[in-house]
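Student: File follows, start_30.pdb with PDB, C-alpha atoms:
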```pdb
ATOM      1  CA  MET A  15      75.432  73.503 -23.979  1.00  0.00           C
ATOM      2  CA  LEU A  16      77.766  76.323 -24.921  1.00  0.00           C
ATOM      3  CA  ILE A  17      80.361  77.488 -22.389  1.00  0.00           C
ATOM      4  CA  ILE A  18      81.238  81.050 -21.385  1.00  0.00           C
ATOM      5  CA  GLU A  19      84.614  81.334 -19.644  1.00  0.00           C
ATOM      6  CA  SER A  20      85.828  84.118 -17.400  1.00  0.00           C
ATOM      7  CA  HIS A  21      87.641  84.639 -14.115  1.00  0.00           C
ATOM      8  CA  LYS A  22      87.345  86.696 -10.972  1.00  0.00           C
ATOM      9  CA  ASP A  23      90.085  87.756  -8.569  1.00  0.00           C
ATOM     10  CA  VAL A  24      88.838  87.477  -4.997  1.00  0.00           C
ATOM     11  CA  PRO A  25      90.632  89.050  -1.995  1.00  0.00           C
ATOM     12  CA  THR A  26      91.456  86.604   0.801  1.00  0.00           C
ATOM     13  CA  LYS A  27      92.366  86.916   4.444  1.00  0.00           C
ATOM     14  CA  ALA A  28      95.109  84.310   4.060  1.00  0.00           C
ATOM     15  CA  GLY A  29      97.093  86.376   1.582  1.00  0.00           C
ATOM     16  CA  GLY A  30      96.903  87.516  -2.024  1.00  0.00           C
ATOM     17  CA  ASP A  31      93.961  87.583  -4.391  1.00  0.00           C
ATOM     18  CA  MET A  32      92.614  84.173  -5.340  1.00  0.00           C
ATOM     19  CA  ARG A  33      91.801  83.827  -9.024  1.00  0.00           C
ATOM     20  CA  VAL A  34      88.662  81.772  -9.566  1.00  0.00           C
ATOM     21  CA  PHE A  35      88.266  80.459 -13.101  1.00  0.00           C
ATOM     22  CA  LEU A  36      84.588  80.362 -14.082  1.00  0.00           C
ATOM     23  CA  PHE A  37      82.913  78.113 -16.646  1.00  0.00           C
ATOM     24  CA  ARG A  38      79.257  78.928 -17.208  1.00  0.00           C
ATOM     25  CA  PRO A  39      76.802  77.057 -19.449  1.00  0.00           C
ATOM     26  CA  SER A  40      74.774  79.069 -21.924  1.00  0.00           C
ATOM     27  CA  ILE A  41      71.591  78.004 -23.723  1.00  0.00           C
ATOM     28  CA  PRO A  42      70.343  80.197 -26.581  1.00  0.00           C
ATOM     29  CA  ASN A  43      66.862  81.630 -25.962  1.00  0.00           C
ATOM     30  CA  TYR A  44      67.039  81.043 -22.207  1.00  0.00           C
ATOM     31  CA  PRO A  45      68.422  84.355 -20.929  1.00  0.00           C
ATOM     32  CA  LYS A  46      67.136  83.847 -17.373  1.00  0.00           C
ATOM     33  CA  ALA A  47      68.405  80.305 -16.899  1.00  0.00           C
ATOM     34  CA  LYS A  48      69.770  79.550 -13.445  1.00  0.00           C
ATOM     35  CA  PHE A  49      72.330  76.798 -12.998  1.00  0.00           C
ATOM     36  CA  PRO A  50      73.618  75.154  -9.801  1.00  0.00           C
ATOM     37  CA  GLY A  51      77.190  75.882  -8.797  1.00  0.00           C
ATOM     38  CA  VAL A  52      79.990  73.346  -8.463  1.00  0.00           C
ATOM     39  CA  VAL A  53      83.440  74.168  -7.112  1.00  0.00           C
ATOM     40  CA  VAL A  54      86.199  72.187  -8.830  1.00  0.00           C
ATOM     41  CA  PHE A  55      89.411  71.797  -6.851  1.00  0.00           C
ATOM     42  CA  SER A  56      92.571  71.083  -8.787  1.00  0.00           C
ATOM     43  CA  GLU A  57      95.516  68.829  -8.116  1.00  0.00           C
ATOM     44  CA  ILE A  58      98.791  70.313  -6.812  1.00  0.00           C
ATOM     45  CA  TYR A  59      99.490  72.025 -10.169  1.00  0.00           C
ATOM     46  CA  GLN A  60      96.623  74.571  -9.918  1.00  0.00           C
ATOM     47  CA  VAL A  61      94.193  74.973 -12.841  1.00  0.00           C
ATOM     48  CA  THR A  62      95.939  73.154 -15.679  1.00  0.00           C
ATOM     49  CA  GLY A  63      94.672  72.207 -19.125  1.00  0.00           C
ATOM     50  CA  PRO A  64      93.228  68.884 -17.926  1.00  0.00           C
ATOM     51  CA  VAL A  65      91.445  70.612 -15.022  1.00  0.00           C
ATOM     52  CA  ALA A  66      89.980  73.268 -17.335  1.00  0.00           C
ATOM     53  CA  ARG A  67      88.749  70.560 -19.728  1.00  0.00           C
ATOM     54  CA  PHE A  68      87.177  68.722 -16.790  1.00  0.00           C
ATOM     55  CA  CYS A  69      85.387  71.958 -15.821  1.00  0.00           C
ATOM     56  CA  ARG A  70      84.115  72.436 -19.372  1.00  0.00           C
ATOM     57  CA  GLN A  71      82.762  68.901 -19.411  1.00  0.00           C
ATOM     58  CA  ILE A  72      80.830  69.477 -16.204  1.00  0.00           C
ATOM     59  CA  ALA A  73      79.619  72.929 -17.255  1.00  0.00           C
ATOM     60  CA  SER A  74      78.301  71.568 -20.547  1.00  0.00           C
ATOM     61  CA  HIS A  75      75.798  69.504 -18.540  1.00  0.00           C
ATOM     62  CA  GLY A  76      74.309  72.557 -16.843  1.00  0.00           C
ATOM     63  CA  TYR A  77      76.536  73.531 -13.923  1.00  0.00           C
ATOM     64  CA  ILE A  78      78.476  76.718 -13.221  1.00  0.00           C
ATOM     65  CA  CYS A  79      81.992  75.561 -12.376  1.00  0.00           C
ATOM     66  CA  ALA A  80      84.339  77.624 -10.240  1.00  0.00           C
ATOM     67  CA  ALA A  81      87.961  76.465 -10.122  1.00  0.00           C
ATOM     68  CA  PRO A  82      90.066  78.329  -7.543  1.00  0.00           C
ATOM     69  CA  SER A  83      93.823  78.776  -7.784  1.00  0.00           C
ATOM     70  CA  SER A  84      94.885  77.242  -4.487  1.00  0.00           C
ATOM     71  CA  TYR A  85      98.358  78.723  -4.054  1.00  0.00           C
ATOM     72  CA  HIS A  86      97.586  82.446  -4.155  1.00  0.00           C
ATOM     73  CA  GLU A  87      99.607  82.957  -0.957  1.00  0.00           C
ATOM     74  CA  PHE A  88     102.769  81.867  -2.745  1.00  0.00           C
ATOM     75  CA  THR A  89     102.418  82.539  -6.479  1.00  0.00           C
ATOM     76  CA  GLY A  90     100.161  83.797  -9.258  1.00  0.00           C
ATOM     77  CA  PRO A  91      97.227  81.932 -10.816  1.00  0.00           C
ATOM     78  CA  GLU A  92      99.307  80.322 -13.551  1.00  0.00           C
ATOM     79  CA  ALA A  93      99.377  76.530 -13.656  1.00  0.00           C
ATOM     80  CA  LEU A  94     102.495  74.708 -12.538  1.00  0.00           C
ATOM     81  CA  ALA A  95     104.209  72.465 -15.064  1.00  0.00           C
ATOM     82  CA  TYR A  96     103.793  68.711 -14.924  1.00  0.00           C
ATOM     83  CA  ASP A  97     107.513  68.235 -14.292  1.00  0.00           C
ATOM     84  CA  GLY A  98     109.944  67.817 -11.414  1.00  0.00           C
ATOM     85  CA  PRO A  99     110.172  71.489 -10.371  1.00  0.00           C
ATOM     86  CA  GLY A 100     106.396  71.953 -10.714  1.00  0.00           C
ATOM     87  CA  THR A 101     105.739  68.850  -8.630  1.00  0.00           C
ATOM     88  CA  ASP A 102     108.193  69.990  -5.940  1.00  0.00           C
ATOM     89  CA  LYS A 103     106.601  73.437  -5.695  1.00  0.00           C
ATOM     90  CA  GLY A 104     103.088  71.974  -5.545  1.00  0.00           C
ATOM     91  CA  ASN A 105     103.992  69.502  -2.830  1.00  0.00           C
ATOM     92  CA  ASP A 106     105.868  72.124  -0.801  1.00  0.00           C
ATOM     93  CA  TRP A 107     103.031  74.654  -0.947  1.00  0.00           C
ATOM     94  CA  LYS A 108     100.439  71.967  -0.188  1.00  0.00           C
ATOM     95  CA  VAL A 109     101.858  71.570   3.331  1.00  0.00           C
ATOM     96  CA  ALA A 110     102.882  75.220   3.791  1.00  0.00           C
ATOM     97  CA  LYS A 111      99.323  76.516   3.405  1.00  0.00           C
ATOM     98  CA  LYS A 112      97.081  76.569   6.461  1.00  0.00           C
ATOM     99  CA  VAL A 113      94.094  74.228   6.439  1.00  0.00           C
ATOM    100  CA  SER A 114      91.906  77.162   7.450  1.00  0.00           C
ATOM    101  CA  ALA A 115      93.053  78.972   4.290  1.00  0.00           C
ATOM    102  CA  TYR A 116      91.984  76.029   2.142  1.00  0.00           C
ATOM    103  CA  ASP A 117      88.569  76.201   3.805  1.00  0.00           C
ATOM    104  CA  GLU A 118      88.354  79.949   3.180  1.00  0.00           C
ATOM    105  CA  ASP A 119      89.066  79.364  -0.510  1.00  0.00           C
ATOM    106  CA  ALA A 120      86.104  76.990  -0.722  1.00  0.00           C
ATOM    107  CA  THR A 121      83.773  79.453   0.970  1.00  0.00           C
ATOM    108  CA  LEU A 122      84.824  82.311  -1.315  1.00  0.00           C
ATOM    109  CA  SER A 123      84.665  80.363  -4.567  1.00  0.00           C
ATOM    110  CA  ILE A 124      80.928  80.273  -5.272  1.00  0.00           C
ATOM    111  CA  ASP A 125      77.455  80.027  -3.784  1.00  0.00           C
ATOM    112  CA  LEU A 126      77.993  76.319  -3.428  1.00  0.00           C
ATOM    113  CA  LEU A 127      75.793  73.315  -4.059  1.00  0.00           C
ATOM    114  CA  GLY A 128      78.284  70.718  -5.267  1.00  0.00           C
ATOM    115  CA  ALA A 129      82.002  70.010  -5.180  1.00  0.00           C
ATOM    116  CA  THR A 130      84.529  67.825  -6.934  1.00  0.00           C
ATOM    117  CA  GLY A 131      88.271  67.574  -7.353  1.00  0.00           C
ATOM    118  CA  MET A 132      91.199  65.260  -7.879  1.00  0.00           C
ATOM    119  CA  CYS A 133      94.304  64.429  -5.814  1.00  0.00           C
ATOM    120  CA  LEU A 134      94.761  67.425  -3.470  1.00  0.00           C
ATOM    121  CA  GLY A 135      91.479  68.667  -4.904  1.00  0.00           C
ATOM    122  CA  GLY A 136      89.754  65.433  -3.929  1.00  0.00           C
ATOM    123  CA  HIS A 137      90.676  66.107  -0.305  1.00  0.00           C
ATOM    124  CA  LEU A 138      89.529  69.726  -0.626  1.00  0.00           C
ATOM    125  CA  ALA A 139      86.197  68.585  -2.089  1.00  0.00           C
ATOM    126  CA  PHE A 140      85.844  66.242   0.903  1.00  0.00           C
ATOM    127  CA  ARG A 141      86.453  69.178   3.270  1.00  0.00           C
ATOM    128  CA  CYS A 142      84.140  71.391   1.240  1.00  0.00           C
ATOM    129  CA  ALA A 143      81.363  68.920   2.045  1.00  0.00           C
ATOM    130  CA  PHE A 144      81.599  70.022   5.701  1.00  0.00           C
ATOM    131  CA  ASP A 145      79.691  73.121   4.503  1.00  0.00           C
ATOM    132  CA  LYS A 146      75.981  72.408   5.020  1.00  0.00           C
ATOM    133  CA  ARG A 147      75.182  73.995   1.645  1.00  0.00           C
ATOM    134  CA  ILE A 148      76.953  71.159  -0.154  1.00  0.00           C
ATOM    135  CA  LYS A 149      74.450  68.587  -1.357  1.00  0.00           C
ATOM    136  CA  ALA A 150      76.922  66.405  -3.249  1.00  0.00           C
ATOM    137  CA  ALA A 151      80.657  65.899  -3.641  1.00  0.00           C
ATOM    138  CA  VAL A 152      82.702  63.632  -5.900  1.00  0.00           C
ATOM    139  CA  CYS A 153      86.252  63.048  -4.667  1.00  0.00           C
ATOM    140  CA  TYR A 154      88.759  61.570  -7.102  1.00  0.00           C
ATOM    141  CA  PHE A 155      91.757  59.796  -5.498  1.00  0.00           C
ATOM    142  CA  ALA A 156      91.775  62.208  -2.542  1.00  0.00           C
ATOM    143  CA  THR A 157      95.235  62.347  -0.976  1.00  0.00           C
ATOM    144  CA  ASP A 158      96.269  62.863   2.661  1.00  0.00           C
ATOM    145  CA  ILE A 159      92.865  62.182   4.234  1.00  0.00           C
ATOM    146  CA  HIS A 160      93.990  58.820   5.592  1.00  0.00           C
ATOM    147  CA  SER A 161      97.360  60.159   6.812  1.00  0.00           C
ATOM    148  CA  ARG A 162      95.976  63.437   8.218  1.00  0.00           C
ATOM    149  CA  THR A 163      98.855  65.341   6.607  1.00  0.00           C
ATOM    150  CA  LEU A 164      97.221  68.212   4.699  1.00  0.00           C
ATOM    151  CA  GLY A 165      98.407  71.754   5.319  1.00  0.00           C
ATOM    152  CA  GLU A 166     100.804  73.499   7.651  1.00  0.00           C
ATOM    153  CA  GLY A 167     102.060  71.164  10.359  1.00  0.00           C
ATOM    154  CA  LYS A 168     100.749  68.138   8.431  1.00  0.00           C
ATOM    155  CA  LYS A 169      97.963  67.671  10.960  1.00  0.00           C
ATOM    156  CA  ASP A 170      94.496  68.125   9.463  1.00  0.00           C
ATOM    157  CA  ASP A 171      91.185  67.167  11.057  1.00  0.00           C
ATOM    158  CA  SER A 172      89.353  65.875   7.971  1.00  0.00           C
ATOM    159  CA  LEU A 173      88.626  62.361   9.265  1.00  0.00           C
ATOM    160  CA  ASP A 174      87.556  63.762  12.635  1.00  0.00           C
ATOM    161  CA  ARG A 175      84.961  65.959  10.909  1.00  0.00           C
ATOM    162  CA  THR A 176      83.409  63.276   8.728  1.00  0.00           C
ATOM    163  CA  LYS A 177      80.239  63.520  10.821  1.00  0.00           C
ATOM    164  CA  ASP A 178      79.833  67.119   9.552  1.00  0.00           C
ATOM    165  CA  ILE A 179      79.122  65.898   6.029  1.00  0.00           C
ATOM    166  CA  LYS A 180      75.378  66.141   5.395  1.00  0.00           C
ATOM    167  CA  GLY A 181      75.335  65.737   1.621  1.00  0.00           C
ATOM    168  CA  GLU A 182      76.074  62.641  -0.458  1.00  0.00           C
ATOM    169  CA  LEU A 183      79.599  61.588  -1.456  1.00  0.00           C
ATOM    170  CA  VAL A 184      81.178  59.543  -4.207  1.00  0.00           C
ATOM    171  CA  MET A 185      84.731  58.454  -3.325  1.00  0.00           C
ATOM    172  CA  ILE A 186      86.860  57.139  -6.197  1.00  0.00           C
ATOM    173  CA  PHE A 187      90.269  55.488  -5.817  1.00  0.00           C
ATOM    174  CA  GLY A 188      92.234  53.222  -8.117  1.00  0.00           C
ATOM    175  CA  LYS A 189      93.265  49.962  -6.468  1.00  0.00           C
ATOM    176  CA  LYS A 190      96.761  50.527  -7.862  1.00  0.00           C
ATOM    177  CA  ASP A 191      97.007  54.009  -6.326  1.00  0.00           C
ATOM    178  CA  THR A 192     100.276  54.147  -4.379  1.00  0.00           C
ATOM    179  CA  HIS A 193      99.404  57.540  -2.850  1.00  0.00           C
ATOM    180  CA  VAL A 194      96.454  56.112  -0.926  1.00  0.00           C
ATOM    181  CA  PRO A 195      97.248  52.467  -0.023  1.00  0.00           C
ATOM    182  CA  PRO A 196      94.609  49.817   0.801  1.00  0.00           C
ATOM    183  CA  ASP A 197      94.776  50.452   4.553  1.00  0.00           C
ATOM    184  CA  GLY A 198      94.248  54.150   3.932  1.00  0.00           C
ATOM    185  CA  ARG A 199      91.248  53.573   1.708  1.00  0.00           C
ATOM    186  CA  ASN A 200      89.789  51.163   4.269  1.00  0.00           C
ATOM    187  CA  LEU A 201      90.219  53.780   7.009  1.00  0.00           C
ATOM    188  CA  ILE A 202      88.348  56.383   4.973  1.00  0.00           C
ATOM    189  CA  ARG A 203      85.534  53.940   4.174  1.00  0.00           C
ATOM    190  CA  LYS A 204      85.298  52.845   7.828  1.00  0.00           C
ATOM    191  CA  SER A 205      85.151  56.461   9.020  1.00  0.00           C
ATOM    192  CA  LEU A 206      82.337  57.264   6.575  1.00  0.00           C
ATOM    193  CA  HIS A 207      80.360  54.217   7.693  1.00  0.00           C
ATOM    194  CA  GLU A 208      80.796  55.085  11.371  1.00  0.00           C
ATOM    195  CA  ALA A 209      79.697  58.677  10.746  1.00  0.00           C
ATOM    196  CA  GLY A 210      76.537  57.515   8.983  1.00  0.00           C
ATOM    197  CA  THR A 211      77.482  59.347   5.781  1.00  0.00           C
ATOM    198  CA  THR A 212      75.560  58.614   2.595  1.00  0.00           C
ATOM    199  CA  PHE A 213      78.292  57.595   0.172  1.00  0.00           C
ATOM    200  CA  SER A 214      79.434  55.358  -2.678  1.00  0.00           C
ATOM    201  CA  PHE A 215      82.977  53.992  -2.820  1.00  0.00           C
ATOM    202  CA  TYR A 216      84.424  52.905  -6.152  1.00  0.00           C
ATOM    203  CA  GLU A 217      87.820  51.226  -6.649  1.00  0.00           C
ATOM    204  CA  PRO A 218      88.590  50.263 -10.273  1.00  0.00           C
ATOM    205  CA  ALA A 219      90.844  47.202 -10.187  1.00  0.00           C
ATOM    206  CA  TRP A 220      93.632  48.423 -12.490  1.00  0.00           C
ATOM    207  CA  ALA A 221      93.456  52.199 -12.050  1.00  0.00           C
ATOM    208  CA  GLN A 222      96.423  54.133 -10.710  1.00  0.00           C
ATOM    209  CA  HIS A 223      96.696  57.605  -9.234  1.00  0.00           C
ATOM    210  CA  ALA A 224      95.717  60.418 -11.648  1.00  0.00           C
ATOM    211  CA  PHE A 225      93.980  57.991 -14.010  1.00  0.00           C
ATOM    212  CA  ILE A 226      91.518  60.677 -15.193  1.00  0.00           C
ATOM    213  CA  ARG A 227      94.244  63.168 -16.208  1.00  0.00           C
ATOM    214  CA  ASP A 228      94.399  63.263 -20.001  1.00  0.00           C
ATOM    215  CA  GLU A 229      97.799  64.935 -20.270  1.00  0.00           C
ATOM    216  CA  LEU A 230     101.256  63.960 -18.983  1.00  0.00           C
ATOM    217  CA  SER A 231      99.799  61.301 -16.696  1.00  0.00           C
ATOM    218  CA  LYS A 232     102.914  59.120 -17.017  1.00  0.00           C
ATOM    219  CA  GLY A 233     101.000  56.337 -18.710  1.00  0.00           C
ATOM    220  CA  ARG A 234      98.200  56.206 -16.133  1.00  0.00           C
ATOM    221  CA  TYR A 235      95.352  57.874 -18.062  1.00  0.00           C
ATOM    222  CA  ASP A 236      92.443  55.489 -18.665  1.00  0.00           C
ATOM    223  CA  PRO A 237      89.773  57.157 -20.845  1.00  0.00           C
ATOM    224  CA  ALA A 238      87.235  54.341 -20.434  1.00  0.00           C
ATOM    225  CA  LEU A 239      87.387  54.410 -16.642  1.00  0.00           C
ATOM    226  CA  ALA A 240      87.457  58.209 -16.616  1.00  0.00           C
ATOM    227  CA  GLY A 241      84.223  58.156 -18.613  1.00  0.00           C
ATOM    228  CA  ILE A 242      82.568  55.699 -16.236  1.00  0.00           C
ATOM    229  CA  CYS A 243      83.508  57.828 -13.234  1.00  0.00           C
ATOM    230  CA  PHE A 244      82.240  60.953 -14.973  1.00  0.00           C
ATOM    231  CA  GLN A 245      78.862  59.264 -15.391  1.00  0.00           C
ATOM    232  CA  MET A 246      78.849  58.671 -11.613  1.00  0.00           C
ATOM    233  CA  LEU A 247      79.422  62.395 -11.138  1.00  0.00           C
ATOM    234  CA  LEU A 248      76.603  63.282 -13.530  1.00  0.00           C
ATOM    235  CA  GLU A 249      74.228  60.833 -11.861  1.00  0.00           C
ATOM    236  CA  LEU A 250      74.878  62.267  -8.410  1.00  0.00           C
ATOM    237  CA  PHE A 251      74.779  65.916  -9.450  1.00  0.00           C
ATOM    238  CA  GLY A 252      71.725  65.362 -11.662  1.00  0.00           C
ATOM    239  CA  ARG A 253      69.842  63.781  -8.771  1.00  0.00           C
ATOM    240  CA  THR A 254      70.829  66.247  -6.034  1.00  0.00           C
ATOM    241  CA  LEU A 255      71.509  69.648  -7.651  1.00  0.00           C
ATOM    242  CA  ASN A 256      68.699  71.614  -9.253  1.00  0.00           C
ATOM    243  CA  GLY A 257      68.637  74.363 -11.869  1.00  0.00           C
ATOM    244  CA  ASP A 258      65.892  76.440 -13.497  1.00  0.00           C
ATOM    245  CA  LEU A 259      65.951  77.263 -17.207  1.00  0.00           C
ATOM    246  CA  GLY A 260      63.279  79.940 -16.904  1.00  0.00           C
ATOM    247  CA  PRO A 261      61.060  80.991 -19.845  1.00  0.00           C
ATOM    248  CA  VAL A 262      62.160  80.598 -23.459  1.00  0.00           C
ATOM    249  CA  SER A 263      62.674  83.966 -25.157  1.00  0.00           C
ATOM    250  CA  GLY A 264      61.566  83.026 -28.661  1.00  0.00           C
ATOM    251  CA  GLU A 265      64.397  85.002 -30.249  1.00  0.00           C
ATOM    252  CA  VAL A 266      66.784  83.027 -32.435  1.00  0.00           C
ATOM    253  CA  ASP A 267      70.240  84.432 -33.148  1.00  0.00           C
ATOM    254  CA  GLU A 268      71.751  83.878 -36.559  1.00  0.00           C
ATOM    255  CA  PRO A 269      74.938  81.798 -36.380  1.00  0.00           C
ATOM    256  CA  GLU A 270      78.211  83.525 -37.123  1.00  0.00           C
ATOM    257  CA  ASP A 271      79.974  82.546 -40.348  1.00  0.00           C
ATOM    258  CA  VAL A 272      83.323  81.651 -38.760  1.00  0.00           C
ATOM    259  CA  CYS A 273      85.811  78.806 -39.093  1.00  0.00           C
TER     260      CYS A 273
END
```
Please lay out the structure from this file as structure tokens.

Tutor:
Amino acid sequence: MLIIESHKDVPTKAGGDMRVFLFRPSIPNYPKAKFPGVVVFSEIYQVTGPVARFCRQIASHGYICAAPSSYHEFTGPEALAYDGPGTDKGNDWKVAKKVSAYDEDATLSIDLLGATGMCLGGHLAFRCAFDKRIKAAVCYFATDIHSRTLGEGKKDDSLDRTKDIKGELVMIFGKKDTHVPPDGRNLIRKSLHEAGTTFSFYEPAWAQHAFIRDELSKGRYDPALAGICFQMLLELFGRTLNGDLGPVSGEVDEPEDVC
């Protein structure tokens, strides 16, 4: 499918306008097609090149992706650099922002059906699943769930609210992920079992943190594993989220003669 990209600046109660980057599939001759919405939460660097490419991949399979800029209280929508200063800013703002503001961002992003994200965004996708509209969420190496340290005061309630998740989850962690150690992953899995959540839990043996990031991943990017995990996302979303192409128009546009 073709992709149409745009953005929308949304006022927030927490402070500042939140820019939501939108990636919408387009099928020629289906002008009334309706696609399910998926919110894509980024890592601590906001919507970077790798995150935008991830959104395009998902959108090309028939989903409207909305990627919010998480740090609108502190800065503009521009991505932070994958370097020391960018990492420091992202980590500082991650625990300066109120958890309630993260939740507001999710609510404002789109008329939700699905959610996904990586690192910080994996945790935010997990929290997004507390919304009863969410039918499916795929959380890549979600940080701070096990330690309860998201947001201002480093005291979130994500594990305590696991019972609020009504949709289906896929949780993905590399076994070599130093950000979420084995005990932390076991705690998350145990909490999901005890809450009666419908979920899958995948731990590739040699994967590290950020193993799906195709740029400046410090040698951790694994394209083969990233592809396998993406198929898990497509399987879950394809089974739980529904679209409607509507009637075919019959009109065929001539292709542009461009390079």

Student: Residues at most 10 Å from Val54 in chain A, counting all atoms listed in the file, excluding those fewer than 4 positions away in the same chain, as a list in words?

Tutor: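 Residues meeting the cut-off are Val34, Phe35, Leu36, Val61, Val65, Ala66, Phe68, Cys69, Ile72, Ile78, Cys79, Ala80, Ala81, Pro82, Ala120, Ser123, Gly128, Ala129, Thr130, Gly131, Met132, Gly135, Gly136, Leu138, Ala139, Ala151 and Val152 of chain A.
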
Student: Suppose a student applies the PyMOL selection byres ((chain A and resi 200) around 12) to this structure; what residues should they get, written as a list in words?

Tutor: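 On the file shown, the PyMOL selection byres ((chain A and resi 200) around 12) covers Ile159, His160, Met185, Phe187, Lys189, Val194, Pro195, Pro196, Asp197, Gly198, Arg199, Leu201, Ile202, Arg203, Lys204, Ser205, Leu206, His207, Phe215, Tyr216 and Glu217 of chain A.
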
Student: Starting from the shown file, work through the PyMOL selection byres ((chain A and resi 146) around 12) and note down what comes out as a CSV table (one decimal) with C-alpha atoms, keeping the file's coordinate frame.

Tutor:
```csv
chain,number,residue,atom,x,y,z
A,121,THR,CA,83.8,79.5,1.0
A,125,ASP,CA,77.5,80.0,-3.8
A,126,LEU,CA,78.0,76.3,-3.4
A,127,LEU,CA,75.8,73.3,-4.1
A,128,GLY,CA,78.3,70.7,-5.3
A,141,ARG,CA,86.5,69.2,3.3
A,142,CYS,CA,84.1,71.4,1.2
A,143,ALA,CA,81.4,68.9,2.0
A,144,PHE,CA,81.6,70.0,5.7
A,145,ASP,CA,79.7,73.1,4.5
A,147,ARG,CA,75.2,74.0,1.6
A,148,ILE,CA,77.0,71.2,-0.2
A,149,LYS,CA,74.4,68.6,-1.4
A,150,ALA,CA,76.9,66.4,-3.2
A,151,ALA,CA,80.7,65.9,-3.6
A,177,LYS,CA,80.2,63.5,10.8
A,178,ASP,CA,79.8,67.1,9.6
A,179,ILE,CA,79.1,65.9,6.0
A,180,LYS,CA,75.4,66.1,5.4
A,181,GLY,CA,75.3,65.7,1.6
A,182,GLU,CA,76.1,62.6,-0.5
```

Student: Using all atoms listed in the file, find the one residue out of A:Leu255, A:Ala110, A:Ala219, A:Ile226 that sits nearest to Gly51 in chain A.

Tutor: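 Selected residue with least distance to Gly51 in chain A: A:Leu255.
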
Student: Between A:Thr192, A:Thr101, A:Thr176, A:Asn43, single out the one closest to Trp220 in chain A, counting only C-alpha atoms.

Tutor: A:Thr192
